[in-house]
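structure_2.cif (mmCIF, C-alpha atoms and all ligand atoms)
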```cif
data_upload
loop_
_atom_site.label_atom_id
_atom_site.label_comp_id
_atom_site.auth_asym_id
_atom_site.auth_seq_id
_atom_site.Cartn_x
_atom_site.Cartn_y
_atom_site.Cartn_z
CA MET A 1 51.06 -291.29 190.17
CA GLY A 2 48.03 -289.03 189.57
CA VAL A 3 44.76 -290.49 190.88
CA GLY A 4 43.01 -290.10 187.49
CA TYR A 5 45.80 -291.90 185.71
CA ARG A 6 45.95 -294.68 188.32
CA TRP A 7 42.20 -295.33 188.20
CA PHE A 8 41.42 -294.75 184.54
CA GLY A 9 44.51 -294.30 182.37
CA ARG A 10 46.61 -297.27 183.41
CA PRO A 11 43.82 -299.90 183.43
CA LEU A 12 42.77 -298.74 179.95
CA LEU A 13 46.32 -299.19 178.71
CA ARG A 14 46.12 -302.93 179.34
CA PHE A 15 43.63 -303.31 176.51
CA GLN A 16 45.42 -301.20 173.94
CA ASP A 17 48.29 -301.89 171.59
CA SER A 18 51.29 -299.99 173.05
CA GLU A 19 52.04 -297.91 169.99
CA LYS A 20 48.37 -297.03 169.41
CA ALA A 21 48.00 -296.02 173.07
CA HIS A 22 51.10 -293.86 172.71
CA GLY A 23 49.71 -292.17 169.58
CA ARG A 24 46.38 -291.51 171.29
CA SER A 25 48.02 -290.01 174.38
CA LEU A 26 50.16 -287.72 172.22
CA SER A 27 47.10 -286.57 170.23
CA LEU A 28 45.17 -285.98 173.45
CA LEU A 29 47.99 -283.89 174.90
CA ARG A 30 48.26 -281.90 171.67
CA PHE A 31 44.51 -281.33 171.60
CA ALA A 32 44.20 -280.42 175.29
CA SER A 33 47.08 -277.96 175.15
CA GLY A 34 45.72 -276.29 171.99
CA ASN A 35 42.77 -274.70 173.80
CA PRO A 36 43.32 -271.95 176.43
CA LEU A 37 40.78 -273.38 178.87
CA THR A 38 41.99 -277.00 178.80
CA ARG A 39 45.57 -275.69 178.81
CA LEU A 40 44.87 -273.87 182.05
CA PHE A 41 43.38 -277.07 183.44
CA LEU A 42 46.48 -279.08 182.43
CA LYS A 43 48.71 -276.47 184.04
CA MET A 44 46.75 -276.51 187.29
CA LEU A 45 46.80 -280.29 187.44
CA TYR A 46 50.33 -281.09 186.35
CA LYS A 47 52.72 -278.13 186.37
CA PRO A 48 55.18 -278.13 189.29
CA ARG A 49 54.64 -275.14 191.56
CA ILE A 50 58.27 -275.02 192.57
CA SER A 51 61.33 -274.04 190.61
CA LEU A 52 64.76 -275.59 191.15
CA PRO A 53 66.89 -273.49 188.80
CA ILE A 54 70.01 -274.93 187.28
CA LYS A 55 72.22 -273.42 184.57
CA VAL A 56 73.72 -275.61 181.87
CA PHE A 57 74.69 -275.21 178.18
CA GLY A 58 74.22 -271.45 178.56
CA HIS A 59 70.53 -271.80 179.46
CA GLN A 60 68.70 -271.44 182.72
CA TYR A 61 66.52 -274.55 183.29
CA THR A 62 63.61 -274.10 185.72
CA HIS A 63 64.38 -277.54 187.16
CA PRO A 64 66.46 -280.54 186.09
CA PHE A 65 63.73 -282.80 184.64
CA GLY A 66 62.92 -283.17 180.93
CA LEU A 67 61.44 -285.47 178.29
CA ALA A 68 63.67 -288.16 176.76
CA ALA A 69 63.96 -288.80 173.02
CA GLY A 70 61.50 -291.06 171.23
CA MET A 71 58.29 -289.95 172.94
CA ASP A 72 57.54 -287.07 170.56
CA LYS A 73 59.58 -287.93 167.50
CA ASN A 74 57.90 -285.43 165.18
CA ALA A 75 57.38 -282.60 167.72
CA LYS A 76 53.59 -282.94 167.75
CA ALA A 77 52.84 -281.81 171.31
CA LEU A 78 55.40 -279.10 172.11
CA ILE A 79 52.91 -276.83 173.88
CA GLY A 80 51.64 -279.79 175.89
CA TRP A 81 55.05 -280.71 177.28
CA GLU A 82 55.72 -277.15 178.34
CA THR A 83 52.24 -276.83 179.85
CA THR A 84 52.69 -279.97 181.95
CA GLY A 85 55.84 -278.48 183.42
CA LEU A 86 58.84 -280.17 181.82
CA ALA A 87 62.02 -278.08 181.94
CA PHE A 88 63.14 -279.19 178.45
CA VAL A 89 62.00 -281.49 175.66
CA GLU A 90 64.05 -283.71 173.35
CA ILE A 91 62.27 -284.38 170.06
CA GLY A 92 63.35 -287.06 167.57
CA GLY A 93 65.21 -289.24 166.72
CA VAL A 94 65.14 -287.29 163.51
CA THR A 95 66.93 -288.77 160.51
CA MET A 96 67.97 -286.94 157.35
CA LEU A 97 65.37 -288.92 155.38
CA GLU A 98 61.76 -289.66 156.25
CA GLN A 99 61.30 -293.32 157.19
CA GLY A 100 58.56 -295.64 158.36
CA GLY A 101 60.61 -297.69 160.83
CA ASN A 102 60.32 -301.42 161.47
CA PRO A 103 57.16 -303.48 160.87
CA LYS A 104 54.50 -303.36 163.63
CA PRO A 105 54.08 -304.46 166.36
CA ARG A 106 57.31 -302.89 167.56
CA MET A 107 56.58 -301.54 171.04
CA PHE A 108 55.73 -303.82 173.98
CA ARG A 109 54.84 -303.15 177.64
CA ALA A 110 56.02 -305.37 180.48
CA PRO A 111 53.72 -303.98 183.19
CA HIS A 112 54.98 -306.02 186.13
CA ALA A 113 58.61 -305.09 185.51
CA GLN A 114 57.55 -301.51 184.58
CA ALA A 115 59.59 -301.86 181.42
CA LEU A 116 59.18 -301.42 177.67
CA VAL A 117 60.79 -303.21 174.77
CA ASN A 118 60.85 -301.33 171.48
CA ARG A 119 62.27 -301.81 168.02
CA MET A 120 60.76 -298.73 166.40
CA GLY A 121 63.72 -298.22 164.05
CA PHE A 122 63.67 -294.40 163.84
CA ASN A 123 60.20 -293.96 162.37
CA ASN A 124 59.98 -290.21 161.81
CA ASP A 125 58.94 -287.55 159.29
CA GLY A 126 62.56 -286.78 158.33
CA SER A 127 64.58 -283.60 158.73
CA GLU A 128 62.92 -281.58 155.95
CA LYS A 129 59.31 -282.14 157.01
CA ILE A 130 60.19 -281.62 160.68
CA ARG A 131 62.02 -278.39 159.81
CA ASP A 132 58.93 -277.17 157.95
CA SER A 133 56.49 -278.12 160.66
CA LEU A 134 58.64 -276.52 163.41
CA THR A 135 58.93 -273.35 161.32
CA ARG A 136 55.13 -273.22 160.90
CA HIS A 137 54.62 -273.94 164.59
CA PHE A 138 57.03 -271.17 165.68
CA LYS A 139 55.37 -268.67 163.31
CA ARG A 140 51.98 -269.42 164.80
CA HIS A 141 52.82 -269.92 168.47
CA GLY A 142 56.31 -268.46 168.91
CA ARG A 143 59.35 -270.42 170.07
CA PRO A 144 58.85 -272.74 173.05
CA GLY A 145 59.47 -271.16 176.44
CA ILE A 146 61.72 -274.10 177.37
CA PRO A 147 64.91 -275.34 175.67
CA LEU A 148 64.14 -277.57 172.68
CA TRP A 149 66.57 -280.45 172.16
CA VAL A 150 66.68 -282.72 169.16
CA ASN A 151 67.94 -286.28 168.92
CA LEU A 152 69.77 -286.97 165.64
CA GLY A 153 69.61 -290.49 164.21
CA LYS A 154 71.03 -292.04 161.04
CA SER A 155 68.77 -292.89 158.08
CA LYS A 156 68.64 -296.65 157.61
CA ILE A 157 69.77 -296.57 153.97
CA THR A 158 72.81 -294.38 154.64
CA PRO A 159 75.96 -296.55 154.84
CA LEU A 160 77.96 -296.31 158.08
CA ASP A 161 80.92 -294.61 156.38
CA GLU A 162 78.60 -291.81 155.23
CA ALA A 163 76.83 -291.49 158.60
CA HIS A 164 78.52 -288.13 159.32
CA LEU A 165 76.83 -286.63 156.24
CA ASP A 166 73.41 -287.86 157.41
CA TYR A 167 73.81 -286.42 160.94
CA GLY A 168 75.32 -283.23 159.49
CA ALA A 169 72.40 -282.65 157.08
CA THR A 170 69.85 -282.91 159.90
CA LEU A 171 71.92 -280.66 162.13
CA GLU A 172 72.10 -278.06 159.38
CA ARG A 173 68.35 -278.17 158.69
CA LEU A 174 67.34 -277.85 162.33
CA TRP A 175 70.19 -275.65 163.59
CA ASP A 176 68.26 -272.41 164.00
CA LEU A 177 65.16 -274.12 165.39
CA CYS A 178 66.63 -276.21 168.22
CA ASP A 179 68.81 -275.35 171.22
CA VAL A 180 70.72 -278.59 171.90
CA PHE A 181 71.65 -281.45 169.53
CA VAL A 182 72.11 -285.04 170.69
CA ILE A 183 74.03 -287.35 168.38
CA ASN A 184 72.51 -290.76 168.88
CA VAL A 185 74.94 -293.54 167.99
CA SER A 186 73.31 -296.01 170.36
CA SER A 187 69.88 -297.10 169.16
CA PRO A 188 69.86 -300.92 168.99
CA ASN A 189 67.21 -300.85 166.25
CA THR A 190 69.15 -299.47 163.27
CA PRO A 191 71.48 -302.18 161.93
CA ASN A 192 75.12 -301.66 163.03
CA LEU A 193 74.49 -298.13 164.37
CA ARG A 194 76.31 -298.93 167.61
CA GLU A 195 79.49 -299.57 165.59
CA LEU A 196 79.71 -295.78 165.37
CA GLN A 197 80.60 -295.73 169.06
CA THR A 198 84.24 -296.35 168.08
CA ASP A 199 86.97 -293.67 168.04
CA GLU A 200 86.90 -293.50 164.26
CA GLY A 201 83.10 -293.38 163.95
CA LEU A 202 82.63 -290.81 166.70
CA ASN A 203 85.54 -288.63 165.59
CA ARG A 204 84.30 -288.43 162.05
CA ILE A 205 80.70 -287.56 163.04
CA LEU A 206 81.71 -285.07 165.72
CA HIS A 207 84.32 -283.29 163.56
CA HIS A 208 81.87 -282.96 160.69
CA CYS A 209 79.03 -281.74 162.93
CA GLN A 210 81.33 -279.32 164.79
CA THR A 211 82.43 -277.79 161.48
CA ILE A 212 78.81 -277.29 160.41
CA ASN A 213 77.97 -275.92 163.85
CA ASP A 214 80.89 -273.45 163.81
CA ASN A 215 80.22 -272.33 160.24
CA ILE A 216 76.52 -271.62 160.79
CA ALA A 217 77.25 -269.88 164.10
CA ALA A 218 79.91 -267.68 162.44
CA ALA A 219 77.58 -266.85 159.52
CA ASN A 220 74.85 -265.86 161.99
CA GLY A 221 77.19 -264.00 164.33
CA SER A 222 75.91 -266.18 167.17
CA LYS A 223 77.25 -268.85 169.52
CA ARG A 224 77.65 -272.47 168.44
CA LYS A 225 74.99 -274.88 169.74
CA PRO A 226 75.77 -277.59 172.31
CA LEU A 227 76.37 -281.02 170.74
CA LEU A 228 76.00 -284.07 172.99
CA VAL A 229 76.55 -287.77 172.39
CA LYS A 230 74.12 -290.48 173.56
CA VAL A 231 75.58 -293.91 174.22
CA ALA A 232 74.40 -297.44 174.94
CA PRO A 233 74.54 -299.23 178.29
CA ASP A 234 75.79 -302.49 176.75
CA MET A 235 79.53 -302.08 177.21
CA THR A 236 82.19 -302.41 179.87
CA ASP A 237 83.08 -299.47 182.12
CA GLU A 238 86.49 -299.24 180.38
CA GLN A 239 84.78 -298.89 177.00
CA LEU A 240 82.38 -296.32 178.45
CA VAL A 241 85.15 -294.15 179.87
CA HIS A 242 87.06 -294.44 176.61
CA ILE A 243 84.03 -293.26 174.60
CA ALA A 244 83.37 -290.41 177.05
CA ASN A 245 87.01 -289.29 176.76
CA THR A 246 86.89 -289.48 172.95
CA ALA A 247 83.65 -287.49 172.87
CA LYS A 248 85.03 -284.85 175.25
CA GLN A 249 88.32 -284.52 173.38
CA THR A 250 86.48 -284.16 170.07
CA GLY A 251 84.57 -281.23 171.50
CA ALA A 252 81.25 -282.81 172.51
CA ASP A 253 79.62 -280.60 175.14
CA GLY A 254 78.27 -283.48 177.21
CA ILE A 255 76.99 -287.04 177.20
CA VAL A 256 73.56 -288.67 177.57
CA LEU A 257 73.57 -291.89 179.64
CA SER A 258 71.92 -293.97 178.42
CA ASN A 259 69.94 -295.42 175.56
CA THR A 260 67.97 -298.69 175.89
CA THR A 261 69.67 -302.02 176.60
CA ILE A 262 69.70 -305.29 174.68
CA GLU A 263 70.14 -307.14 178.01
CA ARG A 264 67.11 -308.69 179.72
CA PRO A 265 66.45 -309.19 183.44
CA THR A 266 64.92 -312.43 184.71
CA PRO A 267 61.15 -312.00 184.32
CA ASN A 268 58.97 -312.53 187.41
CA HIS A 269 55.70 -312.76 185.53
CA PRO A 270 54.58 -314.67 182.38
CA ARG A 271 53.35 -311.45 180.69
CA ASP A 272 56.75 -309.82 181.15
CA LYS A 273 58.45 -313.00 179.93
CA SER A 274 56.56 -312.83 176.64
CA VAL A 275 57.71 -309.22 176.23
CA PHE A 276 61.35 -309.84 177.12
CA VAL A 277 61.72 -312.37 174.27
CA GLU A 278 60.91 -309.61 171.78
CA GLN A 279 63.87 -308.16 169.91
CA GLY A 280 64.73 -304.53 170.62
CA GLY A 281 65.86 -302.17 173.35
CA LEU A 282 64.63 -302.45 176.92
CA SER A 283 63.85 -299.32 178.94
CA GLY A 284 62.23 -298.53 182.28
CA MET A 285 62.82 -299.83 185.78
CA PRO A 286 65.30 -302.64 184.93
CA LEU A 287 67.62 -300.06 183.32
CA LYS A 288 67.70 -297.77 186.33
CA GLU A 289 70.69 -299.15 188.25
CA ARG A 290 72.86 -299.60 185.16
CA SER A 291 72.31 -296.07 183.87
CA THR A 292 72.97 -294.58 187.33
CA ALA A 293 76.17 -296.63 187.61
CA MET A 294 77.25 -295.35 184.17
CA ILE A 295 76.72 -291.76 185.30
CA ARG A 296 78.82 -292.36 188.42
CA THR A 297 81.60 -294.04 186.39
CA VAL A 298 81.83 -291.21 183.86
CA ARG A 299 81.55 -288.46 186.48
CA THR A 300 84.36 -290.05 188.51
CA ALA A 301 86.60 -290.54 185.45
CA ILE A 302 85.99 -287.19 183.74
CA GLY A 303 85.68 -284.82 186.70
CA PRO A 304 83.06 -282.29 187.74
CA ASP A 305 82.70 -279.96 184.76
CA TRP A 306 81.44 -281.91 181.76
CA PRO A 307 77.62 -282.18 181.78
CA ILE A 308 76.08 -285.64 181.99
CA ILE A 309 72.39 -286.16 181.25
CA GLY A 310 70.90 -289.10 183.17
CA VAL A 311 68.16 -291.23 181.63
CA GLY A 312 66.96 -294.76 182.34
CA GLY A 313 64.25 -295.99 184.69
CA VAL A 314 63.39 -292.67 186.32
CA SER A 315 59.88 -293.05 187.73
CA ASN A 316 59.97 -290.99 190.92
CA ALA A 317 61.91 -288.26 192.73
CA GLN A 318 64.27 -290.69 194.45
CA ASP A 319 65.37 -292.15 191.09
CA ALA A 320 66.07 -288.66 189.77
CA TRP A 321 67.85 -287.59 192.97
CA GLU A 322 70.15 -290.65 192.83
CA LYS A 323 71.12 -289.86 189.23
CA ILE A 324 71.89 -286.25 190.15
CA GLU A 325 73.93 -287.33 193.18
CA ALA A 326 75.82 -289.74 190.90
CA GLY A 327 76.73 -286.84 188.61
CA ALA A 328 73.85 -286.00 186.25
CA THR A 329 73.18 -282.29 185.77
CA LEU A 330 69.81 -282.95 184.10
CA VAL A 331 67.56 -286.02 184.12
CA GLN A 332 65.08 -287.31 181.54
CA ALA A 333 62.40 -290.00 181.33
CA TYR A 334 60.36 -291.84 178.73
CA SER A 335 59.03 -295.08 180.29
CA GLY A 336 58.21 -293.34 183.58
CA PHE A 337 55.53 -291.33 181.75
CA VAL A 338 53.99 -294.52 180.36
CA PHE A 339 53.64 -296.11 183.80
CA GLU A 340 53.12 -293.03 185.99
CA GLY A 341 51.28 -290.67 183.63
CA PRO A 342 51.55 -286.91 183.17
CA ALA A 343 51.79 -286.11 186.89
CA LEU A 344 55.36 -287.44 186.84
CA SER A 345 57.04 -284.02 186.39
CA LYS A 346 55.25 -282.51 189.36
CA GLN A 347 55.96 -285.52 191.57
CA ILE A 348 59.63 -285.47 190.65
CA VAL A 349 60.19 -281.73 190.97
CA HIS A 350 58.31 -281.47 194.28
CA GLY A 351 60.14 -284.56 195.56
CA LEU A 352 63.52 -283.14 194.53
CA ALA A 353 62.72 -279.88 196.33
CA LYS A 354 61.89 -281.82 199.51
CA ARG A 355 65.13 -283.76 199.30
CA LEU A 356 67.14 -280.61 198.64
CA LYS A 357 65.60 -278.94 201.69
CA ALA A 358 66.43 -281.95 203.88
CA SER A 359 70.03 -282.07 202.58
CA LYS A 360 73.06 -279.96 203.41
CA HIS A 361 73.01 -278.46 199.90
CA THR A 362 71.58 -275.08 198.97
CA SER A 363 71.06 -275.63 195.20
CA MET A 364 70.62 -278.49 192.73
CA ALA A 365 74.02 -277.60 191.23
CA GLU A 366 75.62 -278.55 194.57
CA VAL A 367 73.89 -281.95 194.52
CA VAL A 368 75.36 -282.86 191.10
CA GLY A 369 78.03 -285.52 191.67
CA SER A 370 77.87 -285.20 195.48
CA LYS A 371 77.77 -288.99 195.90
CA THR A 372 80.11 -290.59 193.42
CA THR A 373 81.40 -293.31 195.76
C1 LIG A 401 59.48 -296.39 172.13
C2 LIG A 401 60.83 -295.75 172.40
C3 LIG A 401 61.44 -295.01 171.38
C4 LIG A 401 62.69 -294.43 171.61
N1 LIG A 401 63.27 -293.70 170.61
C5 LIG A 401 64.48 -293.12 170.83
C6 LIG A 401 65.10 -292.34 169.82
O1 LIG A 401 64.55 -292.12 168.74
N2 LIG A 401 66.33 -291.83 170.08
C7 LIG A 401 66.97 -292.03 171.29
O2 LIG A 401 68.08 -291.56 171.49
N3 LIG A 401 66.37 -292.74 172.27
C8 LIG A 401 65.16 -293.28 172.07
N4 LIG A 401 64.57 -294.00 173.08
C9 LIG A 401 65.31 -294.19 174.35
C10 LIG A 401 64.89 -293.18 175.42
O3 LIG A 401 65.15 -291.85 175.02
C11 LIG A 401 65.65 -293.47 176.73
O4 LIG A 401 67.04 -293.31 176.51
C12 LIG A 401 65.40 -294.89 177.24
O5 LIG A 401 64.06 -295.27 177.01
C13 LIG A 401 65.68 -295.00 178.74
O6 LIG A 401 64.86 -294.13 179.47
P1 LIG A 401 63.51 -294.61 180.21
O7 LIG A 401 63.88 -295.80 181.06
O8 LIG A 401 63.08 -293.41 181.00
O9 LIG A 401 62.54 -294.96 179.15
C14 LIG A 401 63.33 -294.58 172.89
C15 LIG A 401 62.68 -295.31 173.89
C16 LIG A 401 61.44 -295.87 173.67
C17 LIG A 401 60.80 -296.65 174.78
#
```
Rewrite the coordinates I just gave you, this time as structure tokens.
Ligand SMILES: Cc1cc2nc3c(=O)[nH]c(=O)nc-3n(C[C@H](O)[C@H](O)[C@H](O)COP(=O)(O)O)c2cc1C
Amino acid sequence: MGVGYRWFGRPLLRFQDSEKAHGRSLSLLRFASGNPLTRLFLKMLYKPRISLPIKVFGHQYTHPFGLAAGMDKNAKALIGWETTGLAFVEIGGVTMLEQGGNPKPRMFRAPHAQALVNRMGFNNDGSEKIRDSLTRHFKRHGRPGIPLWVNLGKSKITPLDEAHLDYGATLERLWDLCDVFVINVSSPNTPNLRELQTDEGLNRILHHCQTINDNIAAANGSKRKPLLVKVAPDMTDEQLVHIANTAKQTGADGIVLSNTTIERPTPNHPRDKSVFVEQGGLSGMPLKERSTAMIRTVRTAIGPDWPIIGVGGVSNAQDAWEKIEAGATLVQAYSGFVFEGPALSKQIVHGLAKRLKASKHTSMAEVVGSKTT
């Protein structure tokens, strides 16, 4: 953790509503990265000085660590994320329609367990506004220098049997602006969304999105974009392997493991206890072991070639290293940034480089899936 964040940032968080604190941090990052002088300062403080190149989805990533979905739903601080040294950023969840999400409060911090509970409910500006603001941003500042991913959610009012049209519309609107698309059928905060994790639900969404993807690519004379699926941790290993197989057979280019959980650990502190009774998805430290186990299960069942993205409870280099050893090609975090602050990328990348040097491997690609038993 950065010294500034440990001494000033984290204590201040205790007195702020979680969602307000999140909004302020995002605005601060956007502001600080908008000025050349403060941008240079951010870079000096937080950008990793080491690169750990890894190629996936046709792109060269400078290292395997990126930002998970939900942190920057409306793509407000793109320059900031790149400046602080992330290798890729996932914006969203973006839904076809603009929506306000669930009533507040809807985000809660359990500081002793280093966990969050949220029931945001896909609050976002919607695919049209986000398309327009990304277009304006790219005109003014150019495209980001790192791959831009987008998480696709379903609008709350769209019935489940029309979900494919909702995902497809957002894909179409953002196709030329984003590099990788993640179909999120696993948020616990949109009623019945997880029912789309069935063969029928997934097949319908993936077929529809693949058709749109292929058609736009053909019309542009360019390659189709990678489409991934993000799933929930609340299922048996048999169900997980079944979903991964369905996704792979339907042409998904990889899988993101995992979204937040509806399970709760036993709280060790009264403050955490009051957070764990809140409805919603739990993220952070208590999710770490489960998401790593999911990565290992899918990597073992599916083999070495299909990319897995590991997310859940990553708050230091060892957590990221374990997910990569278990089979993740890339790793993401959300809660880790809340508890560790913006120095997290540098700590993780430098720590991964140290571990790589001390290992028998010569590249991060060799580490992927090297410890699946
Ligand atoms: C407040 C909040 C909002 C989130 N919103 C989304 C979302 O819109 N789409 C999504 O796929 N995941 C969303 N997530 C889940 C994260 O992307 C990630 O999968 C999960 O938090 C586990 O990672 P972590 O332990 O590093 O936080 C959200 C998480 C939090 C805490």
Residues within 7 Å of ligand LIG 401 (chain A), counting all atoms listed in the file, as a PyMOL selection string: chain A and resi 68-71+73+92-93+107+116-118+120+122+151+153+184+186-187+230+258-260+283-285+287-288+311-314+332-336
Saved selection, atoms kept: C-alpha atoms, as a PDB file, in the coordinates of the input:
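again-v5.pdb, written as the output of this step:
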```
ATOM      1  CA  ALA A  68      63.670-288.160 176.760  1.00  0.00           C
ATOM      2  CA  ALA A  69      63.960-288.800 173.020  1.00  0.00           C
ATOM      3  CA  GLY A  70      61.500-291.060 171.230  1.00  0.00           C
ATOM      4  CA  MET A  71      58.290-289.950 172.940  1.00  0.00           C
ATOM      5  CA  LYS A  73      59.580-287.930 167.500  1.00  0.00           C
ATOM      6  CA  GLY A  92      63.350-287.060 167.570  1.00  0.00           C
ATOM      7  CA  GLY A  93      65.210-289.240 166.720  1.00  0.00           C
ATOM      8  CA  MET A 107      56.580-301.540 171.040  1.00  0.00           C
ATOM      9  CA  LEU A 116      59.180-301.420 177.670  1.00  0.00           C
ATOM     10  CA  VAL A 117      60.790-303.210 174.770  1.00  0.00           C
ATOM     11  CA  ASN A 118      60.850-301.330 171.480  1.00  0.00           C
ATOM     12  CA  MET A 120      60.760-298.730 166.400  1.00  0.00           C
ATOM     13  CA  PHE A 122      63.670-294.400 163.840  1.00  0.00           C
ATOM     14  CA  ASN A 151      67.940-286.280 168.920  1.00  0.00           C
ATOM     15  CA  GLY A 153      69.610-290.490 164.210  1.00  0.00           C
ATOM     16  CA  ASN A 184      72.510-290.760 168.880  1.00  0.00           C
ATOM     17  CA  SER A 186      73.310-296.010 170.360  1.00  0.00           C
ATOM     18  CA  SER A 187      69.880-297.100 169.160  1.00  0.00           C
ATOM     19  CA  LYS A 230      74.120-290.480 173.560  1.00  0.00           C
ATOM     20  CA  SER A 258      71.920-293.970 178.420  1.00  0.00           C
ATOM     21  CA  ASN A 259      69.940-295.420 175.560  1.00  0.00           C
ATOM     22  CA  THR A 260      67.970-298.690 175.890  1.00  0.00           C
ATOM     23  CA  SER A 283      63.850-299.320 178.940  1.00  0.00           C
ATOM     24  CA  GLY A 284      62.230-298.530 182.280  1.00  0.00           C
ATOM     25  CA  MET A 285      62.820-299.830 185.780  1.00  0.00           C
ATOM     26  CA  LEU A 287      67.620-300.060 183.320  1.00  0.00           C
ATOM     27  CA  LYS A 288      67.700-297.770 186.330  1.00  0.00           C
ATOM     28  CA  VAL A 311      68.160-291.230 181.630  1.00  0.00           C
ATOM     29  CA  GLY A 312      66.960-294.760 182.340  1.00  0.00           C
ATOM     30  CA  GLY A 313      64.250-295.990 184.690  1.00  0.00           C
ATOM     31  CA  VAL A 314      63.390-292.670 186.320  1.00  0.00           C
ATOM     32  CA  GLN A 332      65.080-287.310 181.540  1.00  0.00           C
ATOM     33  CA  ALA A 333      62.400-290.000 181.330  1.00  0.00           C
ATOM     34  CA  TYR A 334      60.360-291.840 178.730  1.00  0.00           C
ATOM     35  CA  SER A 335      59.030-295.080 180.290  1.00  0.00           C
ATOM     36  CA  GLY A 336      58.210-293.340 183.580  1.00  0.00           C
TER      37      GLY A 336
END
```
Near-Pro188 in chain A list (10 Å; all atoms listed in the file; drop same-chain fewer than 3 positions) as a PyMOL selection string: chain A and resi 118-121+185+191-194+232+234+259-262+279-282
Give me, as a tab-separated table, each residue of range 74-133 of chain A that comes within 12 Å of range 337-341 of chain A, together with its shortest interatomic pair and the distance in Å at one decimal, counting all atoms listed in the file, with rows ordered by chain and rising residue number.
```
residue	atom	partner	partner_atom	distance
A:Trp81	CA	A:Phe337	CA	11.5
A:Thr84	CA	A:Gly341	CA	10.9
A:Leu86	CA	A:Phe337	CA	11.6
A:Met107	CA	A:Val338	CA	12.0
A:Phe108	CA	A:Val338	CA	11.4
A:Arg109	CA	A:Val338	CA	9.1
A:Ala110	CA	A:Phe339	CA	10.1
A:Pro111	CA	A:Phe339	CA	7.9
A:His112	CA	A:Phe339	CA	10.3
A:Ala113	CA	A:Phe339	CA	10.4
A:Gln114	CA	A:Phe339	CA	6.7
A:Ala115	CA	A:Phe339	CA	8.6
A:Leu116	CA	A:Val338	CA	9.0
```
Box along x, y and z, 8 Å on every side, all listed atoms of range 217-235 of chain A inside: centre and edge lengths in Å to one decimal, as JSON.
```
{"center_x": 77.0, "center_y": -283.2, "center_z": 168.9, "size_x": 21.8, "size_y": 54.5, "size_z": 34.8}
```
Closest of A:Ser274, A:Asp125, A:Arg204, A:Arg355 to Glu162 in chain A - atom-to-atom distances counting all atoms listed in the file: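 Closest residue, counting all atoms listed in the file: A:Arg204.
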Distance query 12 Å from (81.9, -293.4, 170.4) using only C-alpha atoms, result as JSON, numbers by chain: {"A": [183, 184, 185, 186, 193, 194, 195, 196, 197, 198, 199, 200, 201, 202, 203, 204, 205, 206, 228, 229, 230, 231, 232, 235, 239, 240, 241, 242, 243, 244, 245, 246, 247, 248, 249, 250, 252, 255, 256]}
Find the spatial neighbours of Met294 in chain A, counting all atoms listed in the file, within a cut-off of 10 Å - ignore same-chain residues fewer than 3 positions away - and output them as a CSV table (one decimal) with C-alpha atoms, in the frame of the given file.
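Full text of out23.csv as output:
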```csv
chain,number,residue,atom,x,y,z
A,232,ALA,CA,74.4,-297.4,174.9
A,233,PRO,CA,74.5,-299.2,178.3
A,235,MET,CA,79.5,-302.1,177.2
A,236,THR,CA,82.2,-302.4,179.9
A,237,ASP,CA,83.1,-299.5,182.1
A,240,LEU,CA,82.4,-296.3,178.4
A,241,VAL,CA,85.2,-294.2,179.9
A,257,LEU,CA,73.6,-291.9,179.6
A,258,SER,CA,71.9,-294.0,178.4
A,289,GLU,CA,70.7,-299.2,188.2
A,290,ARG,CA,72.9,-299.6,185.2
A,291,SER,CA,72.3,-296.1,183.9
A,297,THR,CA,81.6,-294.0,186.4
A,298,VAL,CA,81.8,-291.2,183.9
A,299,ARG,CA,81.6,-288.5,186.5
A,300,THR,CA,84.4,-290.0,188.5
A,310,GLY,CA,70.9,-289.1,183.2
A,323,LYS,CA,71.1,-289.9,189.2
A,326,ALA,CA,75.8,-289.7,190.9
A,327,GLY,CA,76.7,-286.8,188.6
```
Distance query Arg264 in chain A at most 9 Å, only C-alpha atoms, self and fewer than 6 positions along chain excluded, as number ranges by chain: A: 276-277, 282, 286
Counting all atoms listed in the file, the option among A:Leu97, A:Pro105, A:Phe181, A:Arg140 closest to Ile157 in chain A: A:Leu97
Within 6 Å of Ala343 in chain A using only C-alpha atoms, minus same-chain residues under 2 positions, as a ChimeraX atom specification: /A:2,46,341,345-346
Coordinates-based distance that separates CA of His59 in chain A from CA of His141 in chain A (Å, one decimal): 20.9 Å
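Considering the residues A:Ala163, A:Met364, A:Cys209, A:Leu78 and counting all atoms listed in the file, Ala32 in chain A has its shortest atom-to-atom contact with A:Leu78.
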Residues within 8 Å of His208 in chain A, only C-alpha atoms, excluding chain neighbours under 3 positions, as number ranges by chain: A: 164-165, 168, 204-205, 211-212
Pairwise distance for CA of Glu128 in chain A and CA of Met96 in chain A, rounded to one decimal in Å: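 Between CA of Glu128 in chain A and CA of Met96 in chain A the gap works out to 7.5 Å.
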